[in-house]
Amino acid sequence: MEKEAALKIIQQLANGTDPHTGEIFRTDSPYQHPDTVRALFAAARALEGPSAPAKPRATGTENAPQNAGKPWSSDEDAALAGAFDAGKQIPELATQHQRSRFAIEARLAKLGKIEPPANMRGYKAASNTASYAAQH
């Protein structure tokens with residue numbers, strides 16, 4: 001197998017997509033476990049070869065997406081909401097916005113587009129997800 005083909009497969013797995021069918025992995029898939037995702041991104045970086053050293057980020061997490069921990073602008077909120085409304089899937093949005101799947105889910109919940117992820121206890125929902133907030 002060529003290096004480029006292997007890299008493409010690993011990147012698709014890391015982004016939550018079956019490289020052969022295009023199917024989005026379920027959240028309980030072993031491919032969605034944080035350690036698995038980190039390992040896949042590390043493998044992808046290794047296949048990409050040497051590059052310029054990255055600047056240290058304030059988050060201190062070397063495997064985090066580039067925009068991890070950065071504030072969301074109103075323009076980025078609008079772009080995220082529009083892309084989600086147009087049918088883009090969460091893994092694709094995560095790649096596009098260079099944020100984690102959880103960050104995308106949390107932001108979509110804050111924007112009232114989806115119910116908050118189950119592991120977001122105490123989260124204050126937007127108005128059209130008020131039923132979630134009332135239950136917690």
# chains A, B, ... in the order shown; residues from 1 in each chain; ligands from 1

$ residues_around --residues "stretch 72-82 of chain A" --least-positions-apart "6" --cutoff "10 Å" --atoms "only C-alpha atoms" --output "VMD selection string"
chain A and resid 88 90 93 to 94 96 to 97 104 107 to 108 110 to 113

$ write_last_selection --atoms "C-alpha atoms" --output "short mmCIF file (atom, residue, chain, number, x, y, z; two decimals), in the first residue's frame"
data_model
loop_
_atom_site.label_atom_id
_atom_site.label_comp_id
_atom_site.auth_asym_id
_atom_site.auth_seq_id
_atom_site.Cartn_x
_atom_site.Cartn_y
_atom_site.Cartn_z
CA LYS A 88 -23.03 18.29 7.38
CA ILE A 90 -20.38 16.35 13.23
CA LEU A 93 -17.72 19.92 11.06
CA ALA A 94 -15.01 19.05 13.60
CA GLN A 96 -13.65 21.93 9.10
CA HIS A 97 -13.56 24.02 12.29
CA ILE A 104 -18.81 20.81 18.00
CA ARG A 107 -21.48 24.39 20.54
CA LEU A 108 -24.41 23.00 18.54
CA LYS A 110 -25.48 25.95 22.97
CA LEU A 111 -26.86 27.19 19.64
CA GLY A 112 -30.00 25.09 20.21
CA LYS A 113 -29.38 22.78 17.26
#

$ select_by_dssp --residues "stretch 42-119 of chain A" --states "helix (DSSP H, G or I)" --output "ChimeraX atom specification"
/A:42-48,74-85,90-97,101-110

$ atom_distance --atom1 "atom CA of A:Gln32" --atom2 "atom CA of A:Asn15"
8.6 Å

$ atom_distance --atom1 "atom CA of A:Asp85" --atom2 "atom CA of A:Glu105"
13.5 Å

$ atom_distance --atom1 "atom CA of A:Glu48" --atom2 "atom CA of A:Ala64"
17.0 Å

$ residues_around --residues "A:Thr27" --least-positions-apart "5" --cutoff "10 Å" --atoms "only C-alpha atoms" --output "list in words"
Gly16, Gln32, His33 and Arg101 of chain A

$ write_last_selection --atoms "C-alpha atoms" --output "mmCIF file, in the first residue's frame"
data_model
loop_
_atom_site.group_PDB
_atom_site.id
_atom_site.type_symbol
_atom_site.label_atom_id
_atom_site.label_comp_id
_atom_site.auth_asym_id
_atom_site.auth_seq_id
_atom_site.Cartn_x
_atom_site.Cartn_y
_atom_site.Cartn_z
ATOM 1 C CA GLY A 16 -14.821 9.200 12.753
ATOM 2 C CA GLN A 32 -14.356 7.042 18.826
ATOM 3 C CA HIS A 33 -12.560 6.325 22.111
ATOM 4 C CA ARG A 101 -16.258 16.377 18.046
#

$ closest_residue --among "A:Ala39, A:Ala118, A:Leu7, A:Ala86" --to "A:Phe102" --atoms "only C-alpha atoms"
A:Ala118

$ closest_residue --among "A:Glu2, A:Glu92, A:Pro71, A:Ala109" --to "A:Phe25" --atoms "only C-alpha atoms"
A:Glu92

$ closest_residue --among "A:Gln12, A:Pro116, A:Phe84, A:Asn63" --to "A:Ile24" --atoms "only C-alpha atoms"
A:Gln12
